[in-house]
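data_34.cif, holding mmCIF, C-alpha atoms:
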data_structure
#
loop_
_atom_site.label_atom_id
_atom_site.label_comp_id
_atom_site.auth_asym_id
_atom_site.auth_seq_id
_atom_site.Cartn_x
_atom_site.Cartn_y
_atom_site.Cartn_z
CA MET A 1 -43.57 -79.84 79.14
CA GLU A 2 -40.21 -78.51 80.21
CA GLU A 3 -39.27 -74.92 79.52
CA LEU A 4 -39.27 -73.96 75.85
CA HIS A 5 -35.83 -73.85 74.24
CA PRO A 6 -34.55 -70.23 74.07
CA PHE A 7 -34.22 -70.46 70.28
CA VAL A 8 -37.93 -71.09 69.68
CA ALA A 9 -38.92 -68.99 72.72
CA GLY A 10 -37.27 -66.06 70.96
CA LEU A 11 -39.44 -66.66 67.90
CA LEU A 12 -42.54 -66.78 70.09
CA ASP A 13 -41.52 -63.50 71.76
CA PHE A 14 -41.00 -61.91 68.34
CA TRP A 15 -44.46 -63.08 67.19
CA GLN A 16 -46.03 -61.67 70.36
CA SER A 17 -44.29 -58.32 69.79
CA LYS A 18 -46.13 -58.05 66.45
CA CYS A 19 -49.60 -58.72 67.93
CA LEU A 20 -52.04 -55.88 68.25
CA PRO A 21 -54.49 -56.35 71.15
CA GLY A 22 -56.88 -59.20 70.34
CA GLU A 23 -55.39 -59.80 66.88
CA VAL A 24 -53.00 -62.16 65.13
CA PRO A 25 -50.02 -60.57 63.35
CA ARG A 26 -49.96 -60.07 59.60
CA ARG A 27 -47.67 -62.28 57.52
CA ALA A 28 -46.03 -59.14 56.09
CA GLU A 29 -44.41 -58.56 59.51
CA PHE A 30 -42.33 -61.73 59.02
CA ASP A 31 -39.94 -61.50 56.08
CA ALA A 32 -36.48 -62.96 55.48
CA PHE A 33 -34.83 -60.04 57.28
CA THR A 34 -36.95 -60.17 60.43
CA LEU A 35 -36.81 -63.98 60.55
CA ARG A 36 -33.08 -64.15 59.86
CA PRO A 37 -32.07 -65.50 63.30
CA TRP A 38 -34.34 -68.52 62.77
CA LEU A 39 -33.79 -69.23 59.06
CA GLY A 40 -32.98 -72.84 58.39
CA TRP A 41 -35.14 -73.93 61.33
CA LEU A 42 -38.48 -72.62 60.08
CA ALA A 43 -41.31 -74.22 58.19
CA ILE A 44 -44.02 -72.05 56.68
CA TYR A 45 -47.41 -73.49 55.77
CA GLU A 46 -50.43 -72.05 53.98
CA GLU A 47 -53.98 -73.11 54.72
CA LEU A 48 -55.83 -74.65 51.77
CA ASP A 49 -59.48 -75.57 51.34
CA GLY A 50 -60.61 -73.93 54.57
CA GLY A 51 -58.14 -75.91 56.67
CA ASP A 52 -58.69 -79.30 55.08
CA ASP A 53 -55.11 -79.20 53.85
CA PHE A 54 -51.92 -77.13 54.02
CA LEU A 55 -49.27 -76.29 51.44
CA VAL A 56 -45.66 -76.33 52.63
CA ARG A 57 -44.35 -72.97 51.45
CA LEU A 58 -40.93 -73.45 53.06
CA ASP A 59 -39.16 -76.31 54.79
CA GLY A 60 -35.95 -75.04 56.41
CA THR A 61 -32.60 -76.51 55.43
CA GLY A 62 -31.70 -77.48 59.01
CA ILE A 63 -34.96 -79.37 59.35
CA VAL A 64 -34.51 -81.10 55.99
CA THR A 65 -30.94 -82.12 56.82
CA LEU A 66 -31.95 -83.76 60.10
CA THR A 67 -35.19 -85.38 58.99
CA GLY A 68 -34.19 -86.31 55.46
CA HIS A 69 -37.58 -85.04 54.21
CA GLU A 70 -37.94 -82.05 51.86
CA TRP A 71 -41.57 -80.94 51.88
CA THR A 72 -41.35 -77.50 50.23
CA GLY A 73 -44.05 -77.12 47.58
CA ARG A 74 -46.01 -80.19 48.65
CA ARG A 75 -49.45 -80.55 50.16
CA MET A 76 -49.61 -82.18 53.57
CA SER A 77 -52.28 -84.55 52.24
CA ASP A 78 -49.76 -85.93 49.73
CA LEU A 79 -47.22 -86.89 52.41
CA ASP A 80 -46.91 -90.03 54.51
CA PRO A 81 -49.74 -89.64 57.05
CA ARG A 82 -47.64 -91.15 59.84
CA ILE A 83 -45.33 -88.16 59.56
CA ALA A 84 -47.72 -85.48 58.25
CA ALA A 85 -50.76 -86.09 60.50
CA PRO A 86 -49.21 -84.80 63.76
CA VAL A 87 -47.93 -81.70 61.96
CA THR A 88 -51.27 -81.04 60.25
CA GLU A 89 -53.11 -81.42 63.55
CA VAL A 90 -51.09 -78.67 65.24
CA LEU A 91 -51.38 -76.40 62.17
CA ARG A 92 -55.17 -76.69 62.28
CA ARG A 93 -55.19 -76.03 66.00
CA ALA A 94 -53.09 -72.85 65.69
CA VAL A 95 -55.34 -71.47 62.94
CA ARG A 96 -58.58 -72.51 64.66
CA GLU A 97 -57.60 -71.08 68.05
CA ARG A 98 -55.73 -68.08 66.57
CA ARG A 99 -52.94 -68.51 69.08
CA PRO A 100 -49.47 -70.07 69.33
CA VAL A 101 -48.96 -73.72 70.17
CA ALA A 102 -45.72 -74.67 71.94
CA ASP A 103 -44.95 -78.37 72.21
CA ARG A 104 -42.57 -81.15 71.27
CA LEU A 105 -42.52 -82.93 67.94
CA TYR A 106 -41.15 -86.44 67.58
CA SER A 107 -40.14 -87.05 63.98
CA PRO A 108 -38.42 -89.76 61.98
CA ALA A 109 -34.93 -88.60 61.08
CA VAL A 110 -32.13 -89.64 58.78
CA LYS A 111 -30.77 -92.21 61.25
CA ASP A 112 -33.33 -92.42 64.07
CA PHE A 113 -36.12 -90.39 65.64
CA LEU A 114 -35.63 -86.81 66.74
CA ALA A 115 -37.37 -84.73 69.34
CA PHE A 116 -37.84 -81.06 68.50
CA HIS A 117 -38.95 -78.11 70.56
CA ARG A 118 -41.62 -76.55 68.40
CA VAL A 119 -43.60 -73.33 68.34
CA THR A 120 -46.44 -72.96 65.83
CA LEU A 121 -47.57 -69.41 65.07
CA PRO A 122 -50.62 -68.38 63.01
CA VAL A 123 -50.37 -65.26 60.83
CA ARG A 124 -52.85 -63.50 58.53
CA GLU A 125 -51.91 -63.24 54.85
CA ASP A 126 -54.04 -60.22 53.97
CA ARG A 127 -53.27 -59.92 50.25
CA ARG A 128 -54.92 -63.23 49.45
CA GLY A 129 -57.12 -63.59 52.52
CA VAL A 130 -55.59 -66.86 53.73
CA TRP A 131 -53.96 -68.09 56.93
CA GLN A 132 -50.34 -69.04 57.07
CA VAL A 133 -48.50 -70.72 59.91
CA ILE A 134 -44.86 -70.19 60.83
CA GLN A 135 -43.33 -73.07 62.71
CA GLY A 136 -39.95 -72.82 64.44
CA LEU A 137 -38.12 -75.97 65.44
CA GLN A 138 -35.04 -76.71 67.48
CA PRO A 139 -33.68 -80.21 68.11
CA ALA A 140 -34.22 -81.04 71.79
CA GLY A 141 -31.06 -81.28 73.83
CA SER A 142 -29.03 -79.13 71.45
CA ARG A 143 -27.45 -75.73 71.76
CA TRP A 144 -28.01 -72.91 69.29
CA PRO A 145 -28.28 -74.26 65.73
CA GLU A 146 -25.24 -74.28 63.49
CA THR A 147 -27.20 -72.60 60.68
CA GLY A 148 -29.68 -69.78 60.72
CA GLY A 149 -27.65 -66.86 61.99
CA GLY A 150 -26.99 -68.10 65.50
CA LYS A 151 -28.55 -66.86 68.68
CA PRO A 152 -31.49 -64.49 68.09
#

Take the structure in this file and express it as structure tokens.
Amino acid sequence: MEELHPFVAGLLDFWQSKCLPGEVPRRAEFDAFTLRPWLGWLAIYEELDGGDDFLVRLDGTGIVTLTGHEWTGRRMSDLDPRIAAPVTEVLRRAVRERRPVADRLYSPAVKDFLAFHRVTLPVREDRRGVWQVIQGLQPAGSRWPETGGGKP
């Protein structure tokens, strides 16, 4: 894969700055203030049923606008498997391996297909003892997003 887009690379760097040696960061380290540069281009998922499913806690407005799909509040298992399966696969991998996954996502969009640079980051949600996953996306071939606070 070509070099990761600076927008999602910045999110990966931020995640790595919150890691203690040999550990995954806590979800509490990532709130609306610390994630501000990436808002609109984030999706946040919560593991359900030991990884059998995920709940979409947040689907960023930039993502929704481009894809035409609003997934917030829905279970991945309830979505079209042609779209949801590749996302679910990378979520499971990030949680299972307890490490980031950087790749490209090809997704149906409002008018065509889009390619996104994607970084998928596992985090521990200590209060309830579950795993969450923060996913940052940036349309491939684009500059800094128009929403989300600009360049991190």

* To do: Could you give me, as a list in words, the residues that sit within 10 Å of (-45.2, -82.7, 54.0) in the file's coordinates, counting only C-alpha atoms?
  =>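 Protein, DNA and RNA residues close to (-45.2, -82.7, 54.0): Tyr45, Phe54, Leu55, Val56, Asp59, His69, Glu70, Trp71, Thr72, Gly73, Arg74, Arg75, Met76, Ser77, Asp78, Leu79, Asp80, Pro81, Ile83, Ala84, Ala85, Val87 and Thr88 of chain A.
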
* Reference answer for the PyMOL selection byres ((chain A and resi 103) around 6), as a list in words ->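 For this structure, the PyMOL selection byres ((chain A and resi 103) around 6) resolves to Ala102, Arg104 and Arg118 of chain A.
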
* Do you know which residues the PyMOL selection byres ((chain A and resi 30) around 12) returns on this file, as a PyMOL selection string? -> chain A and resi 11+14-19+25-29+31-39+42+44+121-125+132-135

* **Surrounding residues of Val8 in chain A excluding itself and chain neighbours under 5 positions, 7 Å, only C-alpha atoms, as a list in words** => Arg118, Val119, Gly136, Leu137 and Gln138 of chain A

* Asked: Interatomic distance between CA of Gly51 in chain A and CA of Gly10 in chain A?
  ->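 Computing it gives 27.1 Å between the two atoms.
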
* Asked: So what does the PyMOL selection byres ((chain A and resi 40) around 7) actually pick up in this one, as an MDAnalysis selection string?
  -> chainID A and resid 38:39 41:42 60:63 147:148

* Structure fact -> Across A:Leu105, A:Leu58, A:Val24, A:Ala94, the smallest distance to Asp126 in chain A, with only C-alpha atoms counted, is shown by A:Val24

* Using all atoms listed in the file, which of A:Pro6, A:Pro139, A:Gly50, A:Gly68 sits nearest His117 in chain A? ->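 The shortest atom-to-atom distance to His117 in chain A comes from A:Pro139.
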
* At what distance in Å, to one decimal, does CA of Arg99 in chain A lie from CA of Ala9 in chain A? ->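 These atoms are spaced 14.5 Å apart.
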
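Minimum atom-to-atom distances from A:Glu97, A:Glu46, A:Leu66, A:Val90 to Ala115 in chain A were compared using all atoms listed in the file, and the lowest value belongs to A:Leu66.
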
* In Å, rounded to a single decimal, give me how far CA of Thr67 in chain A is from CA of His5 in chain A. =>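 Spanning CA of His5 in chain A to CA of Thr67 in chain A is a straight-line distance of 19.1 Å.
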
* Closest of A:Leu20, A:Leu12, A:Leu4, A:Leu48 to Leu91 in chain A - atom-to-atom distances counting only C-alpha atoms ->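 Closest candidate: A:Leu48.
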
* Quick one: of A:Arg93, A:Ala43, A:Pro21, A:Arg128, who's nearest to Val64 in chain A, counting all atoms listed in the file? ->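 When distances to Val64 in chain A are compared using all atoms listed in the file, the smallest one comes from A:Ala43.
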
Could you give me the centre and size, in Å to one decimal, of an axis-aligned box around all listed atoms of range 77-94 of chain A with 3 Å added on every side, as AutoDock Vina command-line options?
--center_x -50.3 --center_y -82.0 --center_z 57.9 --size_x 15.9 --size_y 24.3 --size_z 22.3
